[in-house]
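Listing of entry09.tsv; format and content: TSV, C-alpha atoms and all ligand atoms.
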chain	number	residue	atom	x	y	z
A	1	MET	CA	80.07	164.18	156.69
A	2	ILE	CA	82.43	161.94	154.83
A	3	LEU	CA	81.30	159.47	152.20
A	4	GLU	CA	83.93	156.90	151.44
A	5	ILE	CA	83.91	153.96	149.09
A	6	HIS	CA	86.77	151.51	149.02
A	7	GLU	CA	87.55	148.94	146.32
A	8	LEU	CA	83.87	148.75	145.52
A	9	SER	CA	82.83	146.17	142.92
A	10	LYS	CA	79.56	145.02	141.43
A	11	GLU	CA	79.36	142.10	139.04
A	12	PHE	CA	76.27	141.23	137.08
A	13	ALA	CA	75.95	137.71	135.75
A	14	ASN	CA	74.19	138.27	132.46
A	15	LYS	CA	73.10	135.35	130.26
A	16	ASP	CA	76.33	134.64	128.44
A	17	LYS	CA	78.83	136.93	130.08
A	18	GLN	CA	79.73	138.51	133.35
A	19	VAL	CA	79.76	142.31	133.54
A	20	ASN	CA	81.97	144.08	136.05
A	21	ALA	CA	79.75	147.16	136.13
A	22	VAL	CA	81.81	148.70	138.95
A	23	ASP	CA	85.35	147.47	139.37
A	24	LYS	CA	87.31	148.28	142.54
A	25	ALA	CA	86.20	151.89	142.69
A	26	SER	CA	87.52	154.02	145.55
A	27	PHE	CA	86.84	157.64	146.41
A	28	ARG	CA	86.07	160.03	149.21
A	29	VAL	CA	83.81	163.05	149.16
A	30	LYS	CA	83.04	165.30	152.09
A	31	SER	CA	80.63	168.10	153.05
A	32	GLY	CA	80.99	171.17	150.87
A	33	GLU	CA	82.58	169.23	148.00
A	34	PHE	CA	81.19	168.91	144.49
A	35	ALA	CA	82.35	165.77	142.70
A	36	GLY	CA	81.68	165.09	139.05
A	37	ILE	CA	81.89	161.63	137.52
A	38	ILE	CA	82.29	161.54	133.78
A	39	GLY	CA	82.00	158.38	131.72
A	40	HIS	CA	80.55	156.87	128.58
A	41	SER	CA	77.21	155.14	128.53
A	42	GLY	CA	77.51	151.77	130.27
A	43	SER	CA	80.65	152.69	132.19
A	44	GLY	CA	78.93	152.03	135.53
A	45	LYS	CA	77.88	155.45	136.83
A	46	SER	CA	74.28	154.62	137.72
A	47	THR	CA	75.33	151.29	139.23
A	48	LEU	CA	77.82	153.15	141.42
A	49	PHE	CA	75.07	155.49	142.64
A	50	HIS	CA	72.73	152.59	143.35
A	51	LEU	CA	75.48	151.00	145.45
A	52	ILE	CA	76.16	154.20	147.40
A	53	THR	CA	72.50	154.61	148.24
A	54	GLY	CA	72.10	150.96	149.23
A	55	LEU	CA	69.61	150.22	146.42
A	56	LEU	CA	72.04	147.56	145.20
A	57	ARG	CA	74.41	145.44	147.29
A	58	PRO	CA	78.06	145.30	146.20
A	59	THR	CA	79.85	142.09	145.24
A	60	SER	CA	82.83	143.30	147.29
A	61	GLY	CA	84.31	146.42	148.82
A	62	SER	CA	82.87	148.90	151.29
A	63	ILE	CA	80.76	152.06	151.46
A	64	SER	CA	80.55	154.22	154.53
A	65	ILE	CA	78.76	157.46	155.29
A	66	ASP	CA	80.34	158.71	158.50
A	67	GLU	CA	79.90	155.81	160.96
A	68	LEU	CA	77.24	154.05	158.91
A	69	ASN	CA	78.42	150.99	157.05
A	70	VAL	CA	76.10	150.92	154.04
A	71	ASN	CA	77.06	147.34	153.08
A	72	THR	CA	75.95	145.78	156.32
A	73	ALA	CA	73.08	148.12	157.22
A	74	GLY	CA	69.62	146.57	157.20
A	75	GLU	CA	66.82	147.73	154.90
A	76	PRO	CA	65.00	149.92	157.52
A	77	GLU	CA	68.26	151.69	158.34
A	78	LEU	CA	68.98	152.24	154.63
A	79	ALA	CA	65.47	153.56	153.99
A	80	LEU	CA	65.96	156.06	156.81
A	81	MET	CA	69.37	157.05	155.42
A	82	ARG	CA	67.92	157.62	151.93
A	83	ASN	CA	65.07	159.67	153.32
A	84	GLN	CA	67.06	161.82	155.73
A	85	LYS	CA	70.67	161.96	154.59
A	86	ILE	CA	70.57	161.61	150.83
A	87	GLY	CA	68.80	163.55	148.14
A	88	TYR	CA	68.79	161.30	145.08
A	89	ILE	CA	67.98	162.69	141.67
A	90	PHE	CA	67.47	159.63	139.50
A	91	GLN	CA	68.55	159.42	135.89
A	92	GLU	CA	65.02	158.44	134.89
A	93	GLN	CA	62.35	161.00	135.63
A	94	CYS	CA	60.38	159.73	138.54
A	95	LEU	CA	57.93	162.37	139.59
A	96	LEU	CA	54.61	160.97	140.74
A	97	LYS	CA	52.30	161.77	137.86
A	98	ASN	CA	49.05	162.03	139.81
A	99	TYR	CA	50.45	164.63	142.17
A	100	THR	CA	51.15	168.30	141.56
A	101	VAL	CA	54.65	169.75	141.39
A	102	LEU	CA	54.30	171.08	144.94
A	103	GLU	CA	53.03	167.74	146.26
A	104	ASN	CA	55.92	165.94	144.57
A	105	VAL	CA	58.39	168.22	146.34
A	106	PHE	CA	56.96	167.85	149.83
A	107	MET	CA	56.14	164.13	149.68
A	108	PRO	CA	59.51	162.88	151.05
A	109	GLY	CA	59.19	165.50	153.83
A	110	ILE	CA	55.92	164.01	155.00
A	111	LEU	CA	57.44	160.55	155.11
A	112	CYS	CA	60.13	161.93	157.40
A	113	THR	CA	58.73	161.75	160.91
A	114	GLY	CA	58.64	164.58	163.44
A	115	LYS	CA	58.02	167.50	161.11
A	116	SER	CA	54.86	169.57	160.83
A	117	LYS	CA	52.96	169.31	157.57
A	118	GLU	CA	52.60	173.07	157.36
A	119	GLY	CA	56.33	173.62	157.87
A	120	ILE	CA	57.10	171.16	155.09
A	121	ARG	CA	54.65	172.75	152.69
A	122	GLU	CA	56.23	176.14	153.34
A	123	LYS	CA	59.66	174.74	152.77
A	124	ALA	CA	58.56	173.07	149.53
A	125	GLU	CA	57.27	176.43	148.32
A	126	LYS	CA	60.63	178.04	149.14
A	127	LEU	CA	62.51	175.33	147.30
A	128	LEU	CA	60.32	175.77	144.24
A	129	GLU	CA	61.13	179.46	144.38
A	130	LEU	CA	64.82	178.59	144.59
A	131	VAL	CA	64.61	176.49	141.42
A	132	GLY	CA	62.49	179.17	139.74
A	133	LEU	CA	59.27	177.18	139.45
A	134	SER	CA	56.87	178.86	141.86
A	135	GLU	CA	54.42	179.54	139.10
A	136	LEU	CA	54.19	175.88	138.16
A	137	LYS	CA	53.52	174.56	141.65
A	138	ASN	CA	49.99	173.45	140.86
A	139	SER	CA	50.86	171.87	137.51
A	140	TYR	CA	51.14	168.13	136.99
A	141	PRO	CA	54.34	166.46	135.75
A	142	ASN	CA	52.91	165.88	132.26
A	143	GLU	CA	52.28	169.62	131.94
A	144	ILE	CA	55.90	170.70	132.45
A	145	SER	CA	59.05	170.42	130.33
A	146	GLY	CA	61.96	167.99	130.85
A	147	GLY	CA	64.20	170.72	132.25
A	148	GLU	CA	61.47	171.86	134.63
A	149	ALA	CA	60.87	168.29	135.76
A	150	ARG	CA	64.53	168.00	136.64
A	151	ARG	CA	64.39	171.19	138.65
A	152	VAL	CA	61.39	169.79	140.51
A	153	ALA	CA	63.41	166.63	141.20
A	154	ILE	CA	66.21	168.78	142.62
A	155	ALA	CA	63.81	170.70	144.86
A	156	ARG	CA	62.38	167.38	146.02
A	157	ALA	CA	65.86	166.04	146.75
A	158	LEU	CA	66.48	169.02	149.04
A	159	ILE	CA	63.29	168.89	151.10
A	160	ASN	CA	64.82	166.99	154.04
A	161	ASP	CA	68.07	169.02	154.17
A	162	PRO	CA	70.21	166.13	152.94
A	163	GLU	CA	73.92	165.92	153.69
A	164	ILE	CA	74.54	164.39	150.30
A	165	VAL	CA	72.91	165.10	146.97
A	166	ILE	CA	73.43	162.51	144.27
A	167	ALA	CA	72.33	163.50	140.80
A	168	ASP	CA	72.53	160.97	137.98
A	169	GLU	CA	72.97	162.99	134.76
A	170	PRO	CA	71.06	166.02	136.03
A	171	THR	CA	71.65	167.88	132.77
A	172	GLY	CA	71.11	164.99	130.33
A	173	SER	CA	69.17	166.10	127.23
A	174	LEU	CA	68.85	169.68	128.46
A	175	ASP	CA	69.78	172.77	126.45
A	176	PRO	CA	72.84	174.78	127.61
A	177	ASP	CA	70.74	177.44	129.39
A	178	ASN	CA	68.82	174.91	131.45
A	179	SER	CA	72.02	172.95	132.09
A	180	ASP	CA	73.60	176.06	133.49
A	181	ILE	CA	70.66	176.83	135.76
A	182	ILE	CA	70.84	173.34	137.23
A	183	MET	CA	74.61	173.31	137.67
A	184	LYS	CA	74.59	176.73	139.36
A	185	LEU	CA	71.89	175.50	141.68
A	186	LEU	CA	73.88	172.40	142.62
A	187	ARG	CA	76.96	174.55	143.15
A	188	LYS	CA	74.96	176.80	145.48
A	189	VAL	CA	73.79	173.77	147.45
A	190	THR	CA	77.42	172.62	147.73
A	191	ASP	CA	78.53	176.00	148.99
A	192	GLN	CA	75.92	175.72	151.73
A	193	GLY	CA	77.81	172.67	153.01
A	194	VAL	CA	76.19	169.74	151.19
A	195	ALA	CA	78.29	167.08	149.43
A	196	VAL	CA	77.15	166.88	145.82
A	197	ILE	CA	77.97	164.05	143.42
A	198	ILE	CA	76.82	164.10	139.82
A	199	SER	CA	77.38	161.91	136.81
A	200	THR	CA	77.48	163.38	133.35
A	201	HIS	CA	78.49	162.88	129.71
A	202	ASP	CA	78.97	166.60	129.34
A	203	LEU	CA	82.51	167.84	129.99
A	204	SER	CA	81.44	171.48	129.97
A	205	VAL	CA	79.44	171.17	133.19
A	206	LEU	CA	82.48	170.02	135.11
A	207	LYS	CA	83.77	173.53	135.60
A	208	TYR	CA	81.44	173.65	138.60
A	209	ALA	CA	83.03	170.60	140.24
A	210	ASP	CA	85.82	170.55	142.85
A	211	LYS	CA	86.85	167.01	141.95
A	212	VAL	CA	86.44	165.16	138.69
A	213	PHE	CA	86.49	161.37	138.39
A	214	ILE	CA	86.62	159.41	135.18
A	215	MET	CA	84.68	156.16	134.97
A	216	LYS	CA	85.76	153.66	132.36
A	217	ASN	CA	84.57	150.04	132.26
A	218	GLY	CA	83.71	150.25	135.94
A	219	ASN	CA	87.12	151.70	136.89
A	220	LEU	CA	87.14	155.03	138.60
A	221	SER	CA	90.17	157.32	138.53
A	222	GLU	CA	90.51	160.88	139.67
A	223	LYS	CA	91.40	163.35	136.96
A	224	GLY	CA	94.79	164.65	137.88
A	225	SER	CA	95.60	161.40	139.66
A	226	VAL	CA	98.30	158.94	138.72
A	227	VAL	CA	97.53	155.99	136.49
A	228	ILE	CA	99.94	153.05	136.41
A	229	ARG	CA	100.22	151.31	133.08
A	230	THR	CA	102.60	149.43	130.79
A	231	ALA	CA	105.21	151.58	129.03
A	232	SER	CA	105.23	151.90	125.27
A	233	PHE	CA	108.33	151.71	123.07
A	234	GLU	CA	107.82	155.33	121.94
A	235	GLU	CA	108.40	156.44	125.52
A	236	ALA	CA	112.01	155.20	125.64
A	237	GLN	CA	113.54	158.67	125.45
A	238	GLU	CA	111.32	160.03	128.25
A	239	LEU	CA	112.20	157.01	130.38
A	240	ALA	CA	115.93	157.49	129.78
A	241	GLU	CA	115.65	161.07	130.98
A	242	ILE	CA	113.86	159.98	134.15
A	243	GLU	CA	116.52	157.33	134.73
A	244	LEU	CA	119.19	160.02	134.53
A	245	ALA	CA	117.28	162.25	136.93
A	246	CYS	CA	117.09	159.41	139.44
A	247	PHE	CA	120.45	157.61	139.25
A	248	LEU	CA	124.07	158.66	139.07
A	249	PRO	CA	125.28	158.75	135.45
A	250	GLU	CA	127.41	155.59	135.91
A	251	GLU	CA	124.40	153.70	137.32
A	252	ALA	CA	121.67	154.97	134.99
A	253	ALA	CA	120.52	152.80	132.10
A	254	THR	CA	121.27	154.29	128.70
A	255	LEU	CA	118.64	154.96	126.04
A	256	GLU	CA	119.86	151.86	124.16
A	257	GLN	CA	119.52	149.70	127.28
A	258	ILE	CA	116.02	151.02	127.94
A	259	LYS	CA	115.02	150.32	124.35
A	260	SER	CA	116.28	146.76	124.54
A	261	ARG	CA	114.47	146.24	127.86
A	262	LEU	CA	111.25	147.63	126.38
A	263	ARG	CA	111.62	145.16	123.51
A	264	ALA	CA	112.43	142.22	125.76
A	265	PHE	CA	109.96	142.66	128.61
A	266	PRO	CA	107.34	145.35	127.94
A	267	TYR	CA	104.92	143.83	130.48
A	268	HIS	CA	107.43	144.25	133.27
A	269	PHE	CA	107.93	147.90	132.51
A	270	GLN	CA	105.30	149.93	134.34
A	271	VAL	CA	105.04	153.69	134.30
A	272	ALA	CA	103.27	156.13	136.62
A	273	TYR	CA	101.45	158.58	134.39
A	274	LEU	CA	100.09	161.95	135.56
A	275	ASN	CA	98.43	164.54	133.31
A	276	HIS	CA	100.06	163.26	130.10
A	277	LYS	CA	103.49	162.98	131.65
A	278	ILE	CA	105.47	160.06	133.03
A	279	ILE	CA	106.62	160.84	136.55
A	280	GLY	CA	108.20	157.51	137.42
A	281	PHE	CA	108.55	153.87	136.47
A	282	VAL	CA	109.50	150.45	137.70
A	283	ASP	CA	111.08	147.79	135.53
A	284	GLY	CA	112.77	144.45	135.77
A	285	PRO	CA	112.88	141.17	133.87
A	286	VAL	CA	111.74	137.79	135.06
A	287	THR	CA	114.58	135.30	135.55
A	288	ASP	CA	115.40	131.93	137.06
A	289	ASP	CA	118.28	133.42	139.09
A	290	ASP	CA	117.53	134.07	142.73
A	291	LYS	CA	119.91	137.04	142.94
A	292	ILE	CA	120.55	140.10	140.82
A	293	SER	CA	123.81	139.85	138.93
A	294	ASP	CA	125.58	142.39	136.76
A	295	ARG	CA	125.20	140.26	133.64
A	296	MET	CA	121.46	140.94	133.80
A	297	TYR	CA	122.07	144.61	133.15
A	298	ALA	CA	124.22	143.80	130.15
A	299	ASP	CA	122.03	141.13	128.65
A	300	VAL	CA	118.25	141.32	128.73
A	301	ASN	CA	118.14	137.78	127.31
A	302	VAL	CA	118.27	136.58	130.90
A	303	HIS	CA	114.56	137.49	130.83
A	304	LYS	CA	112.36	134.39	130.85
A	305	GLU	CA	108.70	134.39	129.98
A	306	GLU	CA	108.06	131.86	132.72
A	307	GLY	CA	110.87	132.79	135.13
A	308	SER	CA	110.59	132.14	138.87
A	309	TYR	CA	111.80	135.50	140.13
A	310	GLN	CA	110.61	139.01	139.43
A	311	THR	CA	113.59	141.33	139.52
A	312	VAL	CA	113.54	145.08	139.89
A	313	PHE	CA	116.20	146.95	137.95
A	314	GLY	CA	114.94	150.36	138.78
A	315	LEU	CA	112.25	152.10	140.79
A	316	ASN	CA	112.35	155.71	139.67
A	317	VAL	CA	110.22	158.67	140.66
A	318	LEU	CA	111.14	162.16	139.51
A	319	PRO	CA	112.51	164.20	142.44
A	320	GLU	CA	109.63	166.72	142.44
A	321	PHE	CA	107.09	163.90	142.87
A	322	ARG	CA	108.80	162.07	145.75
A	323	GLN	CA	107.32	161.58	149.23
A	324	LYS	CA	103.82	161.28	147.77
A	325	GLY	CA	103.55	157.52	147.82
A	326	PHE	CA	104.11	156.98	144.06
A	327	ALA	CA	107.15	154.72	144.58
A	328	HIS	CA	105.06	152.55	146.90
A	329	ARG	CA	102.24	152.37	144.38
A	330	LEU	CA	104.57	151.38	141.56
A	331	MET	CA	106.21	148.73	143.73
A	332	HIS	CA	102.87	147.36	144.93
A	333	HIS	CA	101.72	147.16	141.34
A	334	LEU	CA	104.76	145.10	140.41
A	335	ILE	CA	104.42	142.86	143.49
A	336	LYS	CA	100.76	142.22	142.70
A	337	GLN	CA	101.64	141.33	139.14
A	338	ALA	CA	104.42	138.99	140.34
A	339	LYS	CA	101.97	137.28	142.72
A	340	ARG	CA	99.42	136.86	139.94
A	341	GLU	CA	102.08	135.27	137.78
A	342	LYS	CA	103.04	132.96	140.68
A	343	ARG	CA	106.68	134.05	141.03
A	344	LYS	CA	108.62	132.80	144.05
A	345	ALA	CA	109.91	136.22	145.08
A	346	VAL	CA	110.66	139.78	144.07
A	347	ILE	CA	114.38	140.47	144.18
A	348	LEU	CA	116.35	143.68	143.87
A	349	THR	CA	119.48	145.42	145.02
A	350	CYS	CA	119.56	148.77	146.74
A	351	LYS	CA	121.98	151.10	148.45
A	352	GLU	CA	122.17	151.26	152.22
A	353	ASN	CA	119.94	154.35	152.50
A	354	LEU	CA	116.97	152.51	150.94
A	355	ILE	CA	117.13	149.30	152.99
A	356	GLY	CA	114.56	150.69	155.44
A	357	PHE	CA	112.17	151.67	152.64
A	358	TYR	CA	112.15	148.15	151.23
A	359	GLU	CA	112.05	146.47	154.66
A	360	ALA	CA	108.91	148.47	155.42
A	361	MET	CA	107.36	146.83	152.36
A	362	GLY	CA	108.26	143.37	153.65
A	363	PHE	CA	111.60	142.80	151.91
A	364	GLN	CA	114.39	141.01	153.73
A	365	ASN	CA	117.95	142.28	153.64
A	366	LYS	CA	120.16	139.38	152.47
A	367	GLY	CA	123.43	141.26	152.90
A	368	ILE	CA	125.95	142.84	150.56
A	369	SER	CA	125.36	141.90	146.95
A	370	ASN	CA	127.82	140.50	144.43
A	371	SER	CA	126.68	143.22	142.09
A	372	LEU	CA	129.25	145.95	141.55
A	373	HIS	CA	126.95	147.96	139.30
A	374	GLY	CA	128.36	151.46	138.79
A	375	GLY	CA	131.05	150.74	141.38
A	376	ALA	CA	128.72	151.17	144.40
A	377	VAL	CA	127.97	148.90	147.37
A	378	TRP	CA	124.55	147.25	146.91
A	379	TYR	CA	122.45	145.07	149.19
A	380	ASP	CA	120.40	142.09	148.03
A	381	MET	CA	116.77	142.43	149.06
A	382	GLU	CA	114.13	139.74	148.72
A	383	LEU	CA	110.37	139.68	149.16
A	384	LYS	CA	109.08	136.10	149.33
A	385	LEU	CA	105.65	135.77	147.72
A	401	LIG	N1	70.59	145.00	136.66
A	401	LIG	C1	71.55	144.75	135.77
A	401	LIG	N2	71.76	143.49	135.33
A	401	LIG	C2	72.75	143.21	134.46
A	401	LIG	N3	73.59	144.12	133.95
A	401	LIG	C3	73.43	145.40	134.34
A	401	LIG	C4	72.41	145.78	135.25
A	401	LIG	N4	72.51	147.11	135.48
A	401	LIG	C5	73.53	147.55	134.71
A	401	LIG	N5	74.09	146.53	134.03
A	401	LIG	C6	75.26	146.63	133.12
A	401	LIG	O1	76.30	147.27	133.86
A	401	LIG	C7	76.99	148.18	133.03
A	401	LIG	C8	76.96	149.58	133.66
A	401	LIG	O2	75.65	150.10	133.60
A	401	LIG	P1	75.25	151.52	134.20
A	401	LIG	O3	73.78	151.69	134.05
A	401	LIG	O4	75.79	151.62	135.57
A	401	LIG	O5	76.06	152.52	133.22
A	401	LIG	P2	76.01	154.11	133.11
A	401	LIG	O6	77.42	154.58	133.17
A	401	LIG	O7	75.06	154.66	134.12
A	401	LIG	O8	75.44	154.34	131.65
A	401	LIG	P3	74.56	155.57	131.06
A	401	LIG	O9	75.49	156.72	130.88
A	401	LIG	O10	74.05	155.03	129.77
A	401	LIG	O11	73.45	155.84	132.04
A	401	LIG	C9	76.35	148.09	131.67
A	401	LIG	O12	77.14	147.22	130.88
A	401	LIG	C10	74.99	147.51	131.94
A	401	LIG	O13	74.54	146.77	130.84
A	402	MG	MG	73.34	155.75	133.97

Please re-express this file's structure in structure tokens.
Amino acid sequence: MILEIHELSKEFANKDKQVNAVDKASFRVKSGEFAGIIGHSGSGKSTLFHLITGLLRPTSGSISIDELNVNTAGEPELALMRNQKIGYIFQEQCLLKNYTVLENVFMPGILCTGKSKEGIREKAEKLLELVGLSELKNSYPNEISGGEARRVAIARALINDPEIVIADEPTGSLDPDNSDIIMKLLRKVTDQGVAVIISTHDLSVLKYADKVFIMKNGNLSEKGSVVIRTASFEEAQELAEIELACFLPEEAATLEQIKSRLRAFPYHFQVAYLNHKIIGFVDGPVTDDDKISDRMYADVNVHKEEGSYQTVFGLNVLPEFRQKGFAHRLMHHLIKQAKREKRKAVILTCKENLIGFYEAMGFQNKGISNSLHGGAVWYDMELKL
């Protein structure tokens, strides 16, 4: 089983403002994987889970569970999916209060057609044993503690042998011992081949997870994954070192040049950031010239706030991080930004060996450049926007 969401967004139009509760979230989780999503209150975790389970429809983007397209599936199909494929442990407690613990656990099993009532009851008893609550099977929800209620909810989520278990803050407001019991249980379920996704505020529970995602204002990023963001002036030295690792000494920008570029066009200086370390960057001023010329390297004043062309002075990725798609991501980021700002084209020069790389991204080779930067032969490349 593979659950995949791609560029998933959900906007809520509240009275006076629009909330992007989930903003272009992408991820993939498969059978036997335990994914943890950490994020502050209001960051969009529950909304994301409601989208995945089809309880809410996205504003844009896609959700698929194997061949099933959750966005376009009809309500009966979604109800069947939730009953048979997904075990959902809601953030709010939602045990049925007029039914016993045991009845709460086997209820979704009865709704699932084609299974014998006796078989389901037996299974419910086994699940209650698994979560350590056999003795409370005849109690009612108001007679058990919050931690016990959550364990009942987990047992209930497992009654139909789901392929995916989604647990929205399964350890919220529980003491460390109860938290641990629940996390170990979810880990055990994962090791039996189920995909488990949880949300939490509690960093300590994430040691059980195989993958950790961070949710912030609706944005989802994988911990240990690259974030692209604007460079800060304090990072000049680090950037100069990367420049030296990527270019020949006569072609590399000096620390002074990098500082003056950071002063002149900080918004056109984007870094790829991984685990507190910059692993690459792309930079270039905006100008009215349609070709790169050597005077641009010497004088950042050619930068225009409203220029027509986005140039690229350097696309650098540290050697140990190459061939992983980071250069593409940096370049795409810059192209997207240039499009947003309504530039006519992205222009750059490159050596012969990189012509193919840029052509694959849609650039056109305009022939040998006038630029003699560092004494090499450069080619003018242009991507019309
Ligand atoms: N039905 C709704 N209508 C309007 N806004 C909503 C709705 N549901 C959620 N929101 C808003 O979307 C944002 C994300 O909410 P969500 O419940 O997904 O956050 P959360 O990460 O689960 O928070 P918590 O950790 O507190 O449970 C919040 O700003 C919330 O106010
Ligand atoms: Mg929530």

Could you produce a table of the residues of chain A lying within 12 Å of ligand MG 402 (chain A), with the nearest pair of atoms per residue and their separation in Å rounded to one decimal, using all atoms listed in the file, ordered by chain and increasing residue number, as a Markdown table?
| residue | atom | partner | partner_atom | distance |
| --- | --- | --- | --- | --- |
| A:Ala21 | CA | A:MG402 | MG | 10.9 |
| A:Ile37 | CA | A:MG402 | MG | 11.0 |
| A:Ile38 | CA | A:MG402 | MG | 10.7 |
| A:Gly39 | CA | A:MG402 | MG | 9.3 |
| A:His40 | CA | A:MG402 | MG | 9.1 |
| A:Ser41 | CA | A:MG402 | MG | 6.7 |
| A:Gly42 | CA | A:MG402 | MG | 6.8 |
| A:Ser43 | CA | A:MG402 | MG | 8.1 |
| A:Gly44 | CA | A:MG402 | MG | 6.9 |
| A:Lys45 | CA | A:MG402 | MG | 5.4 |
| A:Ser46 | CA | A:MG402 | MG | 4.0 |
| A:Thr47 | CA | A:MG402 | MG | 7.2 |
| A:Leu48 | CA | A:MG402 | MG | 9.1 |
| A:Phe49 | CA | A:MG402 | MG | 8.8 |
| A:His50 | CA | A:MG402 | MG | 9.9 |
| A:Ile89 | CA | A:MG402 | MG | 11.7 |
| A:Phe90 | CA | A:MG402 | MG | 8.9 |
| A:Gln91 | CA | A:MG402 | MG | 6.3 |
| A:Glu92 | CA | A:MG402 | MG | 8.8 |
| A:Ala167 | CA | A:MG402 | MG | 10.4 |
| A:Asp168 | CA | A:MG402 | MG | 6.6 |
| A:Glu169 | CA | A:MG402 | MG | 7.3 |
| A:Pro170 | CA | A:MG402 | MG | 10.7 |
| A:Gly172 | CA | A:MG402 | MG | 10.2 |
| A:Ile198 | CA | A:MG402 | MG | 10.8 |
| A:Ser199 | CA | A:MG402 | MG | 7.9 |
| A:Thr200 | CA | A:MG402 | MG | 8.7 |
| A:His201 | CA | A:MG402 | MG | 9.8 |
| A:Met215 | CA | A:MG402 | MG | 11.4 |
| A:Gly218 | CA | A:MG402 | MG | 11.9 |

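Restricting the calculation to all atoms listed in the file, the smallest distance between ligand LIG 401 (chain A) and any of A:Lys10, A:Lys339, A:His333, A:Arg229 is found for A:Lys10.
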
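Between atom O2 of ligand LIG 401 (chain A) and atom CA of A:Asn69 the separation is 23.6 Å.
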
**Q.** Residue nearest A:Glu135 among A:Asp290, A:Phe247, A:Val101, A:Ala153 (counting all atoms listed in the file)
**A.** A:Val101

Q. Hey, can you pull every residue with an atom no more than 12 Å from (100.4, 168.4, 142.8), using all atoms listed in the file, and send it as a ChimeraX atom specification?
A. /A:223-226,274-275,279,320-324

Save the residues we just selected, C-alpha atoms, as a PDB file, in the coordinates of the input?
ATOM      1  CA  LYS A 223      91.400 163.350 136.960  1.00  0.00           C
ATOM      2  CA  GLY A 224      94.790 164.650 137.880  1.00  0.00           C
ATOM      3  CA  SER A 225      95.600 161.400 139.660  1.00  0.00           C
ATOM      4  CA  VAL A 226      98.300 158.940 138.720  1.00  0.00           C
ATOM      5  CA  LEU A 274     100.090 161.950 135.560  1.00  0.00           C
ATOM      6  CA  ASN A 275      98.430 164.540 133.310  1.00  0.00           C
ATOM      7  CA  ILE A 279     106.620 160.840 136.550  1.00  0.00           C
ATOM      8  CA  GLU A 320     109.630 166.720 142.440  1.00  0.00           C
ATOM      9  CA  PHE A 321     107.090 163.900 142.870  1.00  0.00           C
ATOM     10  CA  ARG A 322     108.800 162.070 145.750  1.00  0.00           C
ATOM     11  CA  GLN A 323     107.320 161.580 149.230  1.00  0.00           C
ATOM     12  CA  LYS A 324     103.820 161.280 147.770  1.00  0.00           C
TER      13      LYS A 324
END

Q: Measuring atom to atom with only C-alpha atoms, identify which of A:Leu55, A:Val302, A:Ile5, A:Leu136 is nearest to A:Lys24.
A: A:Ile5

(Q) Would you pick out the contacts of A:Gly367 at 10 Å or less, using only C-alpha atoms, so that residues sharing its chain but fewer than 4 positions from it are not included, and give the list as number ranges by chain? (A) A: 349, 378-381

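Atom CA of A:Tyr273 is found 11.7 Å from atom CA of A:Glu238.
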
Q. Can you tell me, as a PyMOL selection string, which residues sit within 12 Å of (69.1, 154.1, 152.3) in the file's frame, using all atoms listed in the file?
A. chain A and resi 49-57+63-65+68-88+164

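Going from atom CA of A:Phe213 over to atom CA of A:Ala35, you cover 7.4 Å.
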
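Among A:Lys259, A:Arg340, A:Lys126, A:His332, the residue with the shortest atom-to-atom distance to A:Ile228, counting all atoms listed in the file, is A:His332.
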
How big is the axis-aligned box around the listed atoms of stretch 179-190 of chain A once 5 Å is added on each side, and where is its centre? Give both in Å to one decimal, as lines of an AutoDock Vina configuration file.
center_x = 74.0
center_y = 174.6
center_z = 139.9
size_x = 16.8
size_y = 14.4
size_z = 25.6

Q: Within 9 Å of A:Arg150, counting only C-alpha atoms, which residues show up once you throw out same-chain ones fewer than 4 positions away? Write them as an NGL selection string, please.
A: :A and (89 or 93 or 145-146 or 154-155 or 170-171 or 182)

Saved selection, atoms kept: C-alpha atoms, as an mmCIF file, in the coordinates of the input:
data_model
loop_
_atom_site.group_PDB
_atom_site.id
_atom_site.type_symbol
_atom_site.label_atom_id
_atom_site.label_comp_id
_atom_site.auth_asym_id
_atom_site.auth_seq_id
_atom_site.Cartn_x
_atom_site.Cartn_y
_atom_site.Cartn_z
ATOM 1 C CA ILE A 89 67.980 162.690 141.670
ATOM 2 C CA GLN A 93 62.350 161.000 135.630
ATOM 3 C CA SER A 145 59.050 170.420 130.330
ATOM 4 C CA GLY A 146 61.960 167.990 130.850
ATOM 5 C CA ILE A 154 66.210 168.780 142.620
ATOM 6 C CA ALA A 155 63.810 170.700 144.860
ATOM 7 C CA PRO A 170 71.060 166.020 136.030
ATOM 8 C CA THR A 171 71.650 167.880 132.770
ATOM 9 C CA ILE A 182 70.840 173.340 137.230
#

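Counting all atoms listed in the file, the residue from A:Ile110, A:Val152, A:Ile144, A:Ile214 that sits nearest to ligand LIG 401 (chain A) is A:Ile214.
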
Q) Using only C-alpha atoms, which residue out of A:Val196, A:Leu127, A:Leu186, A:Ile159 lies closest to A:Lys30? A) A:Val196

Closest atom pairs, residues of stretch 13-68 of chain A within 9 Å of stretch 187-193 of chain A, only C-alpha atoms, as JSON lines:
{"residue": "A:Ser31", "atom": "CA", "partner": "A:Gly193", "partner_atom": "CA", "distance": 5.4}
{"residue": "A:Gly32", "atom": "CA", "partner": "A:Gly193", "partner_atom": "CA", "distance": 4.1}
{"residue": "A:Glu33", "atom": "CA", "partner": "A:Thr190", "partner_atom": "CA", "distance": 6.2}
{"residue": "A:Phe34", "atom": "CA", "partner": "A:Thr190", "partner_atom": "CA", "distance": 6.2}
